[in-house]
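To start, the structure itself, in structure tokens.
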Amino acid sequence: MTTSPVRDPAAPSHGGRPRVVIIGSGFGGLFAAQRLRKADVDITLIGKTSHHLFQPLLYQVATGILSEGEIAPATREVLRRQENARVVLGEVIDIDLAARTVTSTVLGRTTVHPYDELIVAAGAGQSYFGNDRFAEFAPGMKSIDDALELRGRIFGAFELAELAETQEEVDRLLTFVIVGAGPTGVEMAGQIAELAHRTLRRDFRNIDPTTARVVLLDAAPAVLPSFGEKLGGRARRQLGQTGVEVQLGAMVTDVDANGIEIKDGDGQVRRINAATKIWAAGVQASGLGRLLGEQSGAEVDRAGRVAVQPDLTLPGHPEVHVVGDMMALDKLPGVAQVAIQGGRYAADQIMRRMAGKTPKPAFEYHDKGSMATISRFHAVVDLGTLKFEGFIAWLMWLALHLFYIVGFKSRVTTVLHWLVSFLGRGRSQRVATQQQVYGRLALEHLGPGWEASKTGGPKTAPPADEDMTGRQSA
Ligand SMILES: Cc1cc2nc3c(=O)[nH]c(=O)nc-3n(C[C@H](O)[C@H](O)[C@H](O)COP(=O)(O)OP(=O)(O)OC[C@H]3O[C@@H](n4cnc5c(N)ncnc54)[C@H](O)[C@@H]3O)c2cc1C
């Protein structure tokens with residue numbers, strides 16, 4: 001059933017406290033809302049999922065280490081003690097800068113939310129560089145749905161291999177190809193290799209899981225290019241020791257149910273037969289960016305990001321702040337810290353304006369460094385002048401991720417699951433249901449209505465053919 005749009009019945013009236021609408025419950029949106037906890041405002045946080053997602057650990061959900069609840073607490077629960085904040089489930093489908101309203105929809109119920117200040121933090125989705133058909137066979141990793149689908153496909157491949165009748169079939173089922181040698185691809189490849197070589201070693205009778213082939217592909221000539229040549233080289237060697245085959249300068253030209261076609265640097269085209277393909281290469285900002293660009297005249301780049309003013313607002317609209325993966329400013333990367341710091345900065349600007357204070361100087365990003373795990377006990381850390389790898393780096397990675405996981409409960413259970421997986425051989429979260437494996441494709445076959453709701457709003461943007469983050473490339 002579809003209803004005609006109604007004004008948000010719970011929205012505070014005009015003339016009362018300033019109404020701050022925040023789009024997105026990811027890093028930018030949630031940290032902005034929390035920064036405003038003591039402000040004399042009414043916050044409405046609209047999210048198309050009811051949870052806040054800690055994306056950096058999605059690969060651990062996909063490989064059975066963590067449960068989805070540990071990395072995706074309910075936004076409502078996170079903000080339950082913040083009385084000036086209200087959480088609304090819905091996908092934003094329109095923003096009217098002139099009328100100062102945001103329209104969201106959920107299951108045919110359309111609501112219009114008026115705002116005095118707007119923070120847009122709708123993030124980014126997967127980009128297949130113009131080859132959206134690849135998505136059917138090579139899921140990306142952007143949501144809990146993606147991670148659970150991948151979990152089903154990865155564990156399911158071993159199950160089917162156990163039943164296979166020919167060696168050729170076993171080989172195809174036990175070949176895992178990950179596209180994109182940025183941190184996500186590296187972490188995913190390392191974990192699948194450990195799963196095959198350690199966790200599942202003794203679980204099957206007809207197949208030997210340790211013979212599984214894990215291939216990490218990238219069109220670029222380096223692993224972890226954003227970490228520099230030295231760390232990237234070390235990461236590549238460590239991946240090799242973990243059992244990952246790294247193939248660089250390898251451009252994906254086609255993907256189908258049974259494999260992947262690759263063009264090498266010398267122009268040769270070849271094929272890898274593989275049942276499981278994972279896309280970890282490239283992102284496309286939310287379609288809301290294009291909407292904002294059309295109305296404000298702000299430039300929108302090929303990856304769909306909106307060029308913001310130095311104070312993260314839209315030109316001519318000091319009341320509209322765009323943060324995180326959706327914004328383009330000074331070539332800042334699409335990483336969590338940019339979103340967190342941007343969200344907090346926007347909140348501070350709002351509070352200063354309300355207090356009649358002069359605005360803060362231009363947004364300045366404080367790079368706290370980056371890190372990626374390669375395998376159990378091994379990570380790389382890049383702190384700018386200090387770059388290192390190994391066990392200490394891995395411990396730092398653990399501590400930092402634990403610090404940013406939201407909620408005490410989640411931290412405790414995460415530590416327990418890490419002990420099971422890293423000190424022992426186990427994986428606590430191996431359950432995969434048929435719905436997880438086939439649900440996405442079944443829904444997509446329902447048609448364009450479903451597709452639009454899945455991709456985060458109006459699909460006006462042409463697919464990007466460039467990597468916007470520097471985190472992933474293919
Ligand atoms: C697999 C993976 C691993 C990563 N690893 C790291 C890492 O190790 N370190 C690091 O720094 N960064 C990492 N990143 C990047 C980091 O997660 C992002 O840069 C960060 O999440 C961006 O924050 P954001 O608030 O802009 O967007 P997001 O965190 O993506 O949040 C966007 C929010 O908006 C909501 N939304 C989207 N469209 C709509 C709509 N139309 N209506 C309503 N709500 C909407 C979404 O549901 C979501 O809640 C990783 C990303 C991925 C995908």
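Going through the structure tokens in order, the chains are called A, B, and so on, while each chain numbers its residues from 1 and the ligands are numbered from 1 in the order shown.
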
*So which residues are near ligand 1, meaning at most 6 Å away with only C-alpha atoms and all ligand atoms counted, given back as number ranges by chain?*
A: 23-29, 46-49, 52, 55-56, 58, 90-93, 121-124, 141-142, 184, 286, 324-326, 334-337, 339, 456-457

Sorted per-residue table, segment 47-158 of chain A near segment 427-432 of chain A, closest atoms and distance, 10 Å, only C-alpha atoms, as a tab-separated table:
residue	atom	partner	partner_atom	distance
A:Gln60	CA	A:Gln429	CA	9.4
A:Val61	CA	A:Gln429	CA	7.6
A:Ala62	CA	A:Gln429	CA	9.1
A:Thr63	CA	A:Arg430	CA	7.8
A:Gly64	CA	A:Gln429	CA	4.4
A:Ile65	CA	A:Arg427	CA	5.0
A:Leu66	CA	A:Gln429	CA	6.1
A:Ser67	CA	A:Gln429	CA	5.9
A:Glu68	CA	A:Gln429	CA	9.1
A:Leu148	CA	A:Ala432	CA	7.1
A:Glu149	CA	A:Ala432	CA	7.9
A:Leu150	CA	A:Ala432	CA	9.2
A:Arg151	CA	A:Ala432	CA	6.5
A:Gly152	CA	A:Ala432	CA	4.8
A:Arg153	CA	A:Ala432	CA	8.5
A:Ile154	CA	A:Ala432	CA	9.6
A:Phe155	CA	A:Arg430	CA	7.5
A:Gly156	CA	A:Ala432	CA	8.1

Take the residues from that selection and write them out as a PDB file, in the first residue's frame, keeping C-alpha atoms.
ATOM      1  CA  GLN A  60      34.657 -10.927   9.708  1.00  0.00           C
ATOM      2  CA  VAL A  61      30.883 -11.433   9.501  1.00  0.00           C
ATOM      3  CA  ALA A  62      31.310 -12.812   5.981  1.00  0.00           C
ATOM      4  CA  THR A  63      33.955 -15.290   7.124  1.00  0.00           C
ATOM      5  CA  GLY A  64      32.122 -16.487  10.229  1.00  0.00           C
ATOM      6  CA  ILE A  65      34.233 -14.819  12.933  1.00  0.00           C
ATOM      7  CA  LEU A  66      31.676 -12.296  14.203  1.00  0.00           C
ATOM      8  CA  SER A  67      27.908 -12.140  14.258  1.00  0.00           C
ATOM      9  CA  GLU A  68      26.092  -9.321  12.511  1.00  0.00           C
ATOM     10  CA  LEU A 148      25.639 -12.741   5.133  1.00  0.00           C
ATOM     11  CA  GLU A 149      25.182 -13.566   1.467  1.00  0.00           C
ATOM     12  CA  LEU A 150      28.952 -13.934   1.125  1.00  0.00           C
ATOM     13  CA  ARG A 151      29.094 -16.098   4.241  1.00  0.00           C
ATOM     14  CA  GLY A 152      26.525 -18.389   2.661  1.00  0.00           C
ATOM     15  CA  ARG A 153      28.411 -18.504  -0.626  1.00  0.00           C
ATOM     16  CA  ILE A 154      31.828 -19.137   0.972  1.00  0.00           C
ATOM     17  CA  PHE A 155      30.772 -21.903   3.382  1.00  0.00           C
ATOM     18  CA  GLY A 156      28.321 -23.238   0.776  1.00  0.00           C
TER      19      GLY A 156
END

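Counting only C-alpha atoms, the residue from A:Pro139, A:Pro73, A:Pro209, A:Gly182 that sits nearest to Ala257 of chain A is A:Pro139.
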
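Considering the residues A:Gly297, A:Pro114, A:Gly356, A:Gly265 and counting only C-alpha atoms, Leu314 of chain A has its shortest atom-to-atom contact with A:Gly297.
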
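For the pair atom CA of Ser50 of chain A and atom CA of Thr75 of chain A, the separation is 6.0 Å.
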
*Counting only C-alpha atoms, what is within 12 Å of segment 200-205 of chain A, bar same-chain residues fewer than 2 positions away, as a PyMOL selection string?*
chain A and resi 63-64+154-155+158-163+192-198+207-212+421+425-427+430

Restricted to N, CA and C atoms, what would the selected residues look like written as a PDB file, in the first residue's frame?
ATOM      1  N   THR A  63      33.138 -14.086   6.989  1.00  0.00           N
ATOM      2  CA  THR A  63      33.955 -15.290   7.124  1.00  0.00           C
ATOM      3  C   THR A  63      33.695 -16.020   8.443  1.00  0.00           C
ATOM      4  N   GLY A  64      32.586 -15.682   9.094  1.00  0.00           N
ATOM      5  CA  GLY A  64      32.122 -16.487  10.229  1.00  0.00           C
ATOM      6  C   GLY A  64      32.794 -16.202  11.556  1.00  0.00           C
ATOM      7  N   ILE A 154      30.494 -18.591   0.657  1.00  0.00           N
ATOM      8  CA  ILE A 154      31.828 -19.137   0.972  1.00  0.00           C
ATOM      9  C   ILE A 154      31.697 -20.524   1.628  1.00  0.00           C
ATOM     10  N   PHE A 155      30.915 -20.606   2.713  1.00  0.00           N
ATOM     11  CA  PHE A 155      30.772 -21.903   3.382  1.00  0.00           C
ATOM     12  C   PHE A 155      30.037 -22.899   2.478  1.00  0.00           C
ATOM     13  N   PHE A 158      32.290 -24.891   0.037  1.00  0.00           N
ATOM     14  CA  PHE A 158      32.950 -26.083   0.601  1.00  0.00           C
ATOM     15  C   PHE A 158      31.954 -27.249   0.687  1.00  0.00           C
ATOM     16  N   GLU A 159      30.707 -26.939   1.093  1.00  0.00           N
ATOM     17  CA  GLU A 159      29.688 -28.004   1.206  1.00  0.00           C
ATOM     18  C   GLU A 159      29.458 -28.667  -0.155  1.00  0.00           C
ATOM     19  N   LEU A 160      29.328 -27.851  -1.197  1.00  0.00           N
ATOM     20  CA  LEU A 160      29.062 -28.410  -2.529  1.00  0.00           C
ATOM     21  C   LEU A 160      30.273 -29.172  -3.059  1.00  0.00           C
ATOM     22  N   ALA A 161      31.456 -28.681  -2.714  1.00  0.00           N
ATOM     23  CA  ALA A 161      32.671 -29.373  -3.171  1.00  0.00           C
ATOM     24  C   ALA A 161      32.712 -30.788  -2.591  1.00  0.00           C
ATOM     25  N   GLU A 162      32.259 -30.937  -1.348  1.00  0.00           N
ATOM     26  CA  GLU A 162      32.248 -32.258  -0.703  1.00  0.00           C
ATOM     27  C   GLU A 162      31.396 -33.247  -1.512  1.00  0.00           C
ATOM     28  N   LEU A 163      30.395 -32.715  -2.235  1.00  0.00           N
ATOM     29  CA  LEU A 163      29.489 -33.585  -3.002  1.00  0.00           C
ATOM     30  C   LEU A 163      29.871 -33.703  -4.478  1.00  0.00           C
ATOM     31  N   ILE A 192      39.765 -15.763   4.134  1.00  0.00           N
ATOM     32  CA  ILE A 192      39.296 -16.974   3.433  1.00  0.00           C
ATOM     33  C   ILE A 192      40.426 -18.013   3.424  1.00  0.00           C
ATOM     34  N   ALA A 193      41.662 -17.538   3.227  1.00  0.00           N
ATOM     35  CA  ALA A 193      42.790 -18.478   3.228  1.00  0.00           C
ATOM     36  C   ALA A 193      42.905 -19.157   4.593  1.00  0.00           C
ATOM     37  N   GLU A 194      42.772 -18.384   5.670  1.00  0.00           N
ATOM     38  CA  GLU A 194      42.877 -18.983   7.014  1.00  0.00           C
ATOM     39  C   GLU A 194      41.719 -19.945   7.281  1.00  0.00           C
ATOM     40  N   LEU A 195      40.565 -19.588   6.765  1.00  0.00           N
ATOM     41  CA  LEU A 195      39.384 -20.459   6.928  1.00  0.00           C
ATOM     42  C   LEU A 195      39.676 -21.826   6.291  1.00  0.00           C
ATOM     43  N   ALA A 196      40.193 -21.776   5.066  1.00  0.00           N
ATOM     44  CA  ALA A 196      40.439 -23.020   4.337  1.00  0.00           C
ATOM     45  C   ALA A 196      41.596 -23.810   4.957  1.00  0.00           C
ATOM     46  N   HIS A 197      42.656 -23.098   5.332  1.00  0.00           N
ATOM     47  CA  HIS A 197      43.862 -23.809   5.763  1.00  0.00           C
ATOM     48  C   HIS A 197      43.860 -24.193   7.235  1.00  0.00           C
ATOM     49  N   ARG A 198      43.131 -23.438   8.062  1.00  0.00           N
ATOM     50  CA  ARG A 198      43.150 -23.749   9.502  1.00  0.00           C
ATOM     51  C   ARG A 198      41.799 -24.281   9.979  1.00  0.00           C
ATOM     52  N   ILE A 207      36.876 -33.966   0.465  1.00  0.00           N
ATOM     53  CA  ILE A 207      37.763 -32.922  -0.079  1.00  0.00           C
ATOM     54  C   ILE A 207      38.788 -32.515   0.969  1.00  0.00           C
ATOM     55  N   ASP A 208      39.857 -31.909   0.467  1.00  0.00           N
ATOM     56  CA  ASP A 208      40.859 -31.365   1.378  1.00  0.00           C
ATOM     57  C   ASP A 208      40.773 -29.836   1.278  1.00  0.00           C
ATOM     58  N   PRO A 209      40.141 -29.190   2.263  1.00  0.00           N
ATOM     59  CA  PRO A 209      39.948 -27.737   2.162  1.00  0.00           C
ATOM     60  C   PRO A 209      41.252 -26.962   2.025  1.00  0.00           C
ATOM     61  N   THR A 210      42.373 -27.559   2.481  1.00  0.00           N
ATOM     62  CA  THR A 210      43.628 -26.803   2.402  1.00  0.00           C
ATOM     63  C   THR A 210      44.110 -26.639   0.957  1.00  0.00           C
ATOM     64  N   THR A 211      43.461 -27.386   0.017  1.00  0.00           N
ATOM     65  CA  THR A 211      43.860 -27.210  -1.389  1.00  0.00           C
ATOM     66  C   THR A 211      43.102 -26.041  -2.040  1.00  0.00           C
ATOM     67  N   ALA A 212      42.242 -25.396  -1.276  1.00  0.00           N
ATOM     68  CA  ALA A 212      41.466 -24.282  -1.851  1.00  0.00           C
ATOM     69  C   ALA A 212      42.413 -23.215  -2.406  1.00  0.00           C
ATOM     70  N   SER A 421      38.594 -17.541  17.351  1.00  0.00           N
ATOM     71  CA  SER A 421      39.122 -17.627  15.983  1.00  0.00           C
ATOM     72  C   SER A 421      40.635 -17.477  15.907  1.00  0.00           C
ATOM     73  N   ARG A 425      41.025 -22.482  16.548  1.00  0.00           N
ATOM     74  CA  ARG A 425      40.858 -22.605  15.088  1.00  0.00           C
ATOM     75  C   ARG A 425      39.441 -22.319  14.653  1.00  0.00           C
ATOM     76  N   GLY A 426      38.561 -22.101  15.616  1.00  0.00           N
ATOM     77  CA  GLY A 426      37.128 -22.112  15.318  1.00  0.00           C
ATOM     78  C   GLY A 426      36.596 -20.837  14.693  1.00  0.00           C
ATOM     79  N   ARG A 427      35.376 -20.908  14.268  1.00  0.00           N
ATOM     80  CA  ARG A 427      34.609 -19.739  13.839  1.00  0.00           C
ATOM     81  C   ARG A 427      33.247 -19.914  14.487  1.00  0.00           C
ATOM     82  N   ARG A 430      29.100 -19.762  11.819  1.00  0.00           N
ATOM     83  CA  ARG A 430      29.131 -20.416  10.510  1.00  0.00           C
ATOM     84  C   ARG A 430      27.757 -20.625   9.913  1.00  0.00           C
TER      85      ARG A 430
END

_DSSP-assigned strand (DSSP E) among segment 33-258 of chain A, expressed as a PyMOL selection string_ = chain A and resi 42-47+85-89+91-96+101-106+109-114+117-120+124-126+175-179+213-218+244-248+250-256

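The residue that comes closest to Val179 of chain A, out of A:Ser370, A:Thr276, A:Ser143, A:Gln436 and on the basis of only C-alpha atoms, is A:Thr276.
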
Leaving out Ala32 of chain A and any residue of its chain fewer than 6 positions from it, which residues lie within 12 Å of it when counting only C-alpha atoms, given as a PDB file with C-alpha atoms, in the first residue's frame?
ATOM      1  CA  VAL A  20      18.281  19.267  12.837  1.00  0.00           C
ATOM      2  CA  VAL A  21      17.651  16.470  10.357  1.00  0.00           C
ATOM      3  CA  ILE A  22      20.480  13.972   9.839  1.00  0.00           C
ATOM      4  CA  ILE A  23      20.415  11.546   6.903  1.00  0.00           C
ATOM      5  CA  GLY A  24      22.293   8.310   7.573  1.00  0.00           C
ATOM      6  CA  SER A  25      23.175   6.358  10.712  1.00  0.00           C
ATOM      7  CA  GLY A  26      26.734   5.511   9.638  1.00  0.00           C
ATOM      8  CA  LYS A  38      23.782  18.698  24.842  1.00  0.00           C
ATOM      9  CA  ALA A  39      22.535  21.129  22.181  1.00  0.00           C
ATOM     10  CA  ILE A  43      17.337  15.971  16.078  1.00  0.00           C
ATOM     11  CA  THR A  44      15.666  13.586  13.642  1.00  0.00           C
ATOM     12  CA  LEU A  45      18.077  10.923  12.406  1.00  0.00           C
ATOM     13  CA  LEU A  79      20.813   6.985  21.146  1.00  0.00           C
ATOM     14  CA  ALA A  85      17.354  12.726  19.316  1.00  0.00           C
ATOM     15  CA  LEU A 118      20.482  19.392   7.542  1.00  0.00           C
ATOM     16  CA  ILE A 119      23.423  16.990   7.771  1.00  0.00           C
ATOM     17  CA  VAL A 120      23.651  14.625   4.809  1.00  0.00           C
ATOM     18  CA  ALA A 121      25.747  11.520   5.563  1.00  0.00           C
ATOM     19  CA  HIS A 321      26.226  20.086   5.610  1.00  0.00           C
ATOM     20  CA  VAL A 322      27.509  17.113   3.578  1.00  0.00           C
ATOM     21  CA  VAL A 323      29.952  14.779   5.322  1.00  0.00           C
ATOM     22  CA  GLY A 324      31.748  11.444   4.961  1.00  0.00           C
ATOM     23  CA  ALA A 339      33.264  10.851   8.233  1.00  0.00           C
ATOM     24  CA  ILE A 340      33.539  10.990  12.039  1.00  0.00           C
ATOM     25  CA  GLN A 341      35.518  14.219  12.069  1.00  0.00           C
ATOM     26  CA  GLY A 342      33.255  15.755   9.407  1.00  0.00           C
ATOM     27  CA  GLY A 343      30.105  14.830  11.325  1.00  0.00           C
ATOM     28  CA  ARG A 344      31.458  16.337  14.528  1.00  0.00           C
ATOM     29  CA  TYR A 345      32.620  19.477  12.711  1.00  0.00           C
ATOM     30  CA  ALA A 346      29.149  19.994  11.192  1.00  0.00           C
ATOM     31  CA  ALA A 347      27.557  19.573  14.626  1.00  0.00           C
ATOM     32  CA  ASP A 348      29.973  22.114  16.112  1.00  0.00           C
ATOM     33  CA  GLN A 349      29.140  24.621  13.361  1.00  0.00           C
ATOM     34  CA  ILE A 350      25.438  24.248  14.091  1.00  0.00           C
ATOM     35  CA  MET A 351      25.961  24.829  17.810  1.00  0.00           C
TER      36      MET A 351
END

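For the set A:Gln434, A:Gln238, A:Gln309, A:Gln247, the residue with the smallest atom-to-atom gap to Phe377 of chain A is A:Gln238, counting only C-alpha atoms.
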
_Would you pick out the contacts of Ala393 of chain A at 7 Å or less, using only C-alpha atoms, so that residues sharing its chain but fewer than 4 positions from it are not included, and give the list as a PyMOL selection string?_
chain A and resi 378-381+388-389+397

*Residues flagged alpha helix (DSSP H) by DSSP in segment 112-152 of chain A, as a PyMOL selection string*: chain A and resi 144-152

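The coordinates place atom CA of Arg86 of chain A at 18.6 Å from atom CA of Arg100 of chain A.
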
*Selected residue of minimal separation from Gly243 of chain A among A:His445, A:Arg376, A:Arg213, A:His417, counting only C-alpha atoms*: A:Arg213

*From the list A:Val244, A:Ile144, A:Ala442, A:Leu36, which residue is nearest Glu70 of chain A when using only C-alpha atoms?*
A:Ile144

Using only C-alpha atoms, which residues sit within 12 Å of Glu165 of chain A once same-chain residues fewer than 6 positions away are excluded, as an mmCIF file with N, CA and C atoms, in the first residue's frame?
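out.cif written:
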data_model
loop_
_atom_site.group_PDB
_atom_site.id
_atom_site.type_symbol
_atom_site.label_atom_id
_atom_site.label_comp_id
_atom_site.auth_asym_id
_atom_site.auth_seq_id
_atom_site.Cartn_x
_atom_site.Cartn_y
_atom_site.Cartn_z
ATOM 1 N N ASP A 171 37.607 -28.202 -8.075
ATOM 2 C CA ASP A 171 38.524 -27.062 -8.241
ATOM 3 C C ASP A 171 37.761 -25.753 -8.414
ATOM 4 N N ARG A 172 36.696 -25.803 -9.205
ATOM 5 C CA ARG A 172 35.903 -24.584 -9.419
ATOM 6 C C ARG A 172 35.262 -24.131 -8.105
ATOM 7 N N LEU A 173 34.745 -25.083 -7.344
ATOM 8 C CA LEU A 173 34.075 -24.728 -6.092
ATOM 9 C C LEU A 173 35.064 -24.257 -5.028
ATOM 10 N N ASN A 206 35.573 -35.920 1.873
ATOM 11 C CA ASN A 206 35.887 -36.162 0.459
ATOM 12 C C ASN A 206 36.833 -35.126 -0.135
ATOM 13 N N ILE A 207 36.876 -33.966 0.465
ATOM 14 C CA ILE A 207 37.763 -32.922 -0.079
ATOM 15 C C ILE A 207 38.788 -32.515 0.969
#

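The interatomic distance for the pair atom CA of Arg7 of chain A and atom CA of Glu117 of chain A works out to 17.0 Å.
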
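Neighbouring residues of Phe137 of chain A at 7 Å or closer, counting only C-alpha atoms and skipping chain neighbours under 6 positions away, are Val255, Asp256, Ala257 and Lys277 of chain A.
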
Output of the above residues as a compact mmCIF listing (two decimals), in the first residue's frame, restricted to N, CA and C atoms:
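File produced: again_10.txt:
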# COMPACT_ATOMS: atom_id res chain seq x y z
N VAL A 255 32.39 -11.43 -15.76
CA VAL A 255 32.14 -12.32 -14.63
C VAL A 255 30.88 -13.10 -14.95
N ASP A 256 30.90 -14.41 -14.69
CA ASP A 256 29.66 -15.18 -14.83
C ASP A 256 29.56 -16.16 -13.67
N ALA A 257 28.56 -17.02 -13.73
CA ALA A 257 28.31 -17.90 -12.59
C ALA A 257 29.50 -18.81 -12.29
N LYS A 277 33.06 -15.38 -6.28
CA LYS A 277 33.77 -14.16 -6.65
C LYS A 277 33.30 -13.05 -5.70
